Amino acid sequence: MTMKRNIIITGGAGFIGSHVVRLFVNKYPDYHIINVDKLTYAGNLKNLTDIENKPNYTFVKADICDYDKMLELMREYNVDGVIHLAAESHVDRSIKDPFTFAKTNVMGTLSLLQAAKVYWESLPEKYEGKRFYHISTDEVYGALELTHPEGIEPPFSTKASSGTHHECYGEEFFVETTKYNPHSPYSAAKASSDHFVRAYHDTYGMPTVVTNCSNNYGPYQFPEKLIPLFINNIRHRKPLPVYGKGENVRDWLYVEDHARAIDTIFHDGTIAETYNIGGFNEWKNIDIIKVIIKTVDRLLGNPEGYSDELITYVTDRAGHDLRYAIDSRKLQAELGWEPSLQFEEGIEKTVRWYLDNQEWMDNITSGDYQKYYESMYGNR
Ligand code: NAD
Ligand code: TYD
């Protein structure tokens, strides 16, 4: 088979990365997809069992902080594209262990950039036909005001926001030119990595692109994040820890819509540009929690309201950002991307997936998956 492109996808064993790997492996049989992942607690090869034997897919267990290894992989696979998702991604962990976040998100990104630079500059065609695509988050922009706690009609809508709940909570949105103002160690480290990526374009001419996306939800998300954690806790009748008053606002996008955006931008995005990705789909945490409870109870055959008593208000997260809201009209106008799924459909699909895949969840929560990886790949 002729391989027309050789693309490293980092963090492909994680939540979003696994959807991106699956999309690329299935959609582009002529591409060779090399999934580079360290398999931290968040990496799970069981996210990719359906594609692991495809001829255009290779998994490499490696740490992006290992510059020599990254350079070796660039050379070994004649890499012409990098889609970089590997990161430490959970805000609560970053509050407890900021060093790991700086190491992976900043130094890891830098070592990957430098490896791509050294390899691409060694080729006769240099940067021609190459692309370094860095996946970032809306959290780098900081937090927006919650000027309308009761909700107002959003100025724009998409398929994602076209359901019964159609509200936003302030006039301001993050746009691509919004000044960076990160508050958590996670977002500070992501912001720093974004700056390094842009610096490699401006200093060395590397063909880079950066995207900043809102909160993702869907299958294969590690159950420390709000939606899978709460679905699992409801199933086990465990408390649902709501931080503060549950009034913080997040803008939610179905993970496969993010993966489709990444596909579009990797191929058609303008070099050195930034694109925001989101669906104008804002929810207060407490409202989304009520939707999750209602959906899980219905699908488990429980009476309505059965699991409401599990809601437990707990001490707020330190520095908890109040509101995130993304304006993704640039991406929609320039590249024609739009969310494909209405939020209520997405949540229904997501809850069903976690309930139908209890083995996947139990494997993670029991810690068996860590033992499995250690036996296969060693405990590096
Ligand atoms: P995740 O935590 O589920 O997965 C991260 C993956 O990176 C794991 O497979 C892990 O093993 C791997 N990894 C971590 N450190 C590594 C290292 N040093 N070397 C190699 N691999 C390593 O994360 P996610 O939620 O899928 O997020 C993926 C990317 O998207 C991140 O860069 C994140 O900042 C960004 N993002 C996430 C969201 C969201 O809602 N989850 C929203 C916007 C942007
Ligand atoms: P999370 O899924 O951790 O994503 P992020 O912090 O990147 O937005 O959290 C989503 C929202 O839910 C956030 O406002 C924090 C809140 N939250 C809780 O109230 N309880 C929880 O147990 C978790 C994990 C999050």
# chains A, B, ... in the order shown; residues from 1 in each chain; ligands from 1
call {"tool": "residues_near_ligand", "arguments": {"ligand": "ligand 1", "cutoff": "7 Å", "atoms": "only C-alpha atoms and all ligand atoms", "output": "number ranges by chain"}}
result
A: 10-17, 36-44, 62-65, 85-90, 104, 108, 135-138, 190, 212-217, 221-222
call {"tool": "residues_near_ligand", "arguments": {"ligand": "ligand 2", "cutoff": "7 Å", "atoms": "only C-alpha atoms and all ligand atoms", "output": "PyMOL selection string"}}
result
chain A and resi 90-92+215+224-227+229+240-243+246+248-250+285+320
call {"tool": "select_by_dssp", "arguments": {"residues": "stretch 211-270 of chain A", "states": "strand (DSSP E)", "output": "list in words"}}
result
Thr211, Asn212, Cys213, Asn215, Asn216, Tyr217, Leu240, Pro241, Val242, Tyr243, Val249, Arg250, Asp251, Trp252, Leu253 and Tyr254 of chain A
call {"tool": "residues_around", "arguments": {"residues": "A:Thr312", "least_positions_apart": "3", "cutoff": "12 Å", "atoms": "only C-alpha atoms", "output": "PyMOL selection string"}}
result
chain A and resi 230+233+238-246+286+289+307-309+315-316
call {"tool": "write_last_selection", "arguments": {"atoms": "N, CA, C and O atoms", "output": "mmCIF file, in the first residue's frame"}}
result
data_model
loop_
_atom_site.group_PDB
_atom_site.id
_atom_site.type_symbol
_atom_site.label_atom_id
_atom_site.label_comp_id
_atom_site.auth_asym_id
_atom_site.auth_seq_id
_atom_site.Cartn_x
_atom_site.Cartn_y
_atom_site.Cartn_z
ATOM 1 N N PHE A 230 -19.691 11.344 36.948
ATOM 2 C CA PHE A 230 -21.036 11.385 37.509
ATOM 3 C C PHE A 230 -21.879 10.202 37.009
ATOM 4 O O PHE A 230 -22.644 9.618 37.762
ATOM 5 N N ASN A 233 -20.733 7.305 39.079
ATOM 6 C CA ASN A 233 -21.167 7.407 40.481
ATOM 7 C C ASN A 233 -22.669 7.144 40.629
ATOM 8 O O ASN A 233 -23.097 6.524 41.599
ATOM 9 N N LYS A 238 -23.099 6.433 44.358
ATOM 10 C CA LYS A 238 -22.102 7.173 45.142
ATOM 11 C C LYS A 238 -22.429 8.662 45.071
ATOM 12 O O LYS A 238 -23.039 9.123 44.090
ATOM 13 N N PRO A 239 -21.951 9.477 46.038
ATOM 14 C CA PRO A 239 -22.225 10.920 46.004
ATOM 15 C C PRO A 239 -21.694 11.583 44.729
ATOM 16 O O PRO A 239 -20.683 11.145 44.165
ATOM 17 N N LEU A 240 -22.379 12.632 44.311
ATOM 18 C CA LEU A 240 -21.969 13.413 43.132
ATOM 19 C C LEU A 240 -21.406 14.744 43.635
ATOM 20 O O LEU A 240 -22.175 15.628 44.027
ATOM 21 N N PRO A 241 -20.073 14.895 43.681
ATOM 22 C CA PRO A 241 -19.483 16.093 44.292
ATOM 23 C C PRO A 241 -19.586 17.331 43.395
ATOM 24 O O PRO A 241 -18.837 17.455 42.425
ATOM 25 N N VAL A 242 -20.506 18.224 43.733
ATOM 26 C CA VAL A 242 -20.676 19.457 42.950
ATOM 27 C C VAL A 242 -19.818 20.544 43.594
ATOM 28 O O VAL A 242 -20.010 20.879 44.767
ATOM 29 N N TYR A 243 -18.867 21.081 42.828
ATOM 30 C CA TYR A 243 -17.976 22.103 43.389
ATOM 31 C C TYR A 243 -18.733 23.424 43.571
ATOM 32 O O TYR A 243 -19.409 23.891 42.647
ATOM 33 N N GLY A 244 -18.557 24.030 44.751
ATOM 34 C CA GLY A 244 -19.193 25.327 45.016
ATOM 35 C C GLY A 244 -20.695 25.211 44.914
ATOM 36 O O GLY A 244 -21.309 24.272 45.435
ATOM 37 N N LYS A 245 -21.304 26.179 44.182
ATOM 38 C CA LYS A 245 -22.772 26.165 44.065
ATOM 39 C C LYS A 245 -23.227 25.514 42.766
ATOM 40 O O LYS A 245 -24.408 25.524 42.435
ATOM 41 N N GLY A 246 -22.272 25.009 41.985
ATOM 42 C CA GLY A 246 -22.647 24.378 40.709
ATOM 43 C C GLY A 246 -23.014 25.405 39.652
ATOM 44 O O GLY A 246 -23.665 25.095 38.662
ATOM 45 N N ILE A 286 -24.717 22.712 37.359
ATOM 46 C CA ILE A 286 -25.844 22.059 38.046
ATOM 47 C C ILE A 286 -26.924 21.637 37.040
ATOM 48 O O ILE A 286 -27.575 20.597 37.215
ATOM 49 N N ILE A 289 -25.685 18.548 35.274
ATOM 50 C CA ILE A 289 -25.721 17.429 36.229
ATOM 51 C C ILE A 289 -27.152 16.869 36.306
ATOM 52 O O ILE A 289 -27.366 15.652 36.321
ATOM 53 N N SER A 307 -32.152 9.587 41.716
ATOM 54 C CA SER A 307 -30.751 9.819 42.096
ATOM 55 C C SER A 307 -30.445 11.270 42.462
ATOM 56 O O SER A 307 -29.284 11.612 42.704
ATOM 57 N N ASP A 308 -31.500 12.108 42.529
ATOM 58 C CA ASP A 308 -31.252 13.518 42.886
ATOM 59 C C ASP A 308 -30.564 13.630 44.244
ATOM 60 O O ASP A 308 -29.753 14.524 44.479
ATOM 61 N N GLU A 309 -30.889 12.707 45.140
ATOM 62 C CA GLU A 309 -30.337 12.781 46.507
ATOM 63 C C GLU A 309 -28.819 12.573 46.543
ATOM 64 O O GLU A 309 -28.191 12.841 47.562
ATOM 65 N N THR A 315 -16.625 21.671 48.815
ATOM 66 C CA THR A 315 -15.774 22.868 48.733
ATOM 67 C C THR A 315 -15.395 23.134 47.285
ATOM 68 O O THR A 315 -15.069 22.210 46.535
ATOM 69 N N ASP A 316 -15.418 24.406 46.920
ATOM 70 C CA ASP A 316 -15.143 24.772 45.526
ATOM 71 C C ASP A 316 -13.682 24.476 45.161
ATOM 72 O O ASP A 316 -12.804 24.473 46.018
#
call {"tool": "closest_residue", "arguments": {"among": "A:Glu128, A:Glu76, A:Asp257, A:Glu150", "to": "A:Phe343", "atoms": "only C-alpha atoms"}}
result
A:Asp257
call {"tool": "decode", "arguments": {"residues": "stretch 286-300 of chain A", "atoms": "N, CA and C atoms", "output": "mmCIF file, in the first residue's frame"}}
result
data_model
loop_
_atom_site.group_PDB
_atom_site.id
_atom_site.type_symbol
_atom_site.label_atom_id
_atom_site.label_comp_id
_atom_site.auth_asym_id
_atom_site.auth_seq_id
_atom_site.Cartn_x
_atom_site.Cartn_y
_atom_site.Cartn_z
ATOM 1 N N ILE A 286 -24.717 22.712 37.359
ATOM 2 C CA ILE A 286 -25.844 22.059 38.046
ATOM 3 C C ILE A 286 -26.924 21.637 37.040
ATOM 4 N N ASP A 287 -27.090 22.422 35.978
ATOM 5 C CA ASP A 287 -28.104 22.057 34.968
ATOM 6 C C ASP A 287 -27.675 20.817 34.194
ATOM 7 N N ILE A 288 -26.408 20.766 33.848
ATOM 8 C CA ILE A 288 -25.925 19.602 33.090
ATOM 9 C C ILE A 288 -25.974 18.363 33.994
ATOM 10 N N ILE A 289 -25.685 18.548 35.274
ATOM 11 C CA ILE A 289 -25.721 17.429 36.229
ATOM 12 C C ILE A 289 -27.152 16.869 36.306
ATOM 13 N N LYS A 290 -28.132 17.777 36.297
ATOM 14 C CA LYS A 290 -29.537 17.312 36.352
ATOM 15 C C LYS A 290 -29.894 16.518 35.096
ATOM 16 N N VAL A 291 -29.381 16.955 33.939
ATOM 17 C CA VAL A 291 -29.641 16.212 32.690
ATOM 18 C C VAL A 291 -29.007 14.822 32.770
ATOM 19 N N ILE A 292 -27.789 14.777 33.318
ATOM 20 C CA ILE A 292 -27.104 13.473 33.420
ATOM 21 C C ILE A 292 -27.898 12.538 34.344
ATOM 22 N N ILE A 293 -28.308 13.072 35.495
ATOM 23 C CA ILE A 293 -29.044 12.230 36.461
ATOM 24 C C ILE A 293 -30.326 11.699 35.809
ATOM 25 N N LYS A 294 -31.049 12.599 35.144
ATOM 26 C CA LYS A 294 -32.325 12.218 34.532
ATOM 27 C C LYS A 294 -32.110 11.129 33.469
ATOM 28 N N THR A 295 -31.063 11.324 32.659
ATOM 29 C CA THR A 295 -30.818 10.377 31.562
ATOM 30 C C THR A 295 -30.387 9.019 32.122
ATOM 31 N N VAL A 296 -29.467 9.030 33.095
ATOM 32 C CA VAL A 296 -29.000 7.745 33.658
ATOM 33 C C VAL A 296 -30.174 7.038 34.330
ATOM 34 N N ASP A 297 -30.948 7.758 35.143
ATOM 35 C CA ASP A 297 -32.087 7.116 35.830
ATOM 36 C C ASP A 297 -33.055 6.507 34.810
ATOM 37 N N ARG A 298 -33.366 7.248 33.757
ATOM 38 C CA ARG A 298 -34.307 6.723 32.741
ATOM 39 C C ARG A 298 -33.746 5.457 32.099
ATOM 40 N N LEU A 299 -32.464 5.498 31.718
ATOM 41 C CA LEU A 299 -31.891 4.338 31.020
ATOM 42 C C LEU A 299 -31.701 3.140 31.953
ATOM 43 N N LEU A 300 -31.562 3.397 33.257
ATOM 44 C CA LEU A 300 -31.431 2.274 34.209
ATOM 45 C C LEU A 300 -32.795 1.791 34.709
#
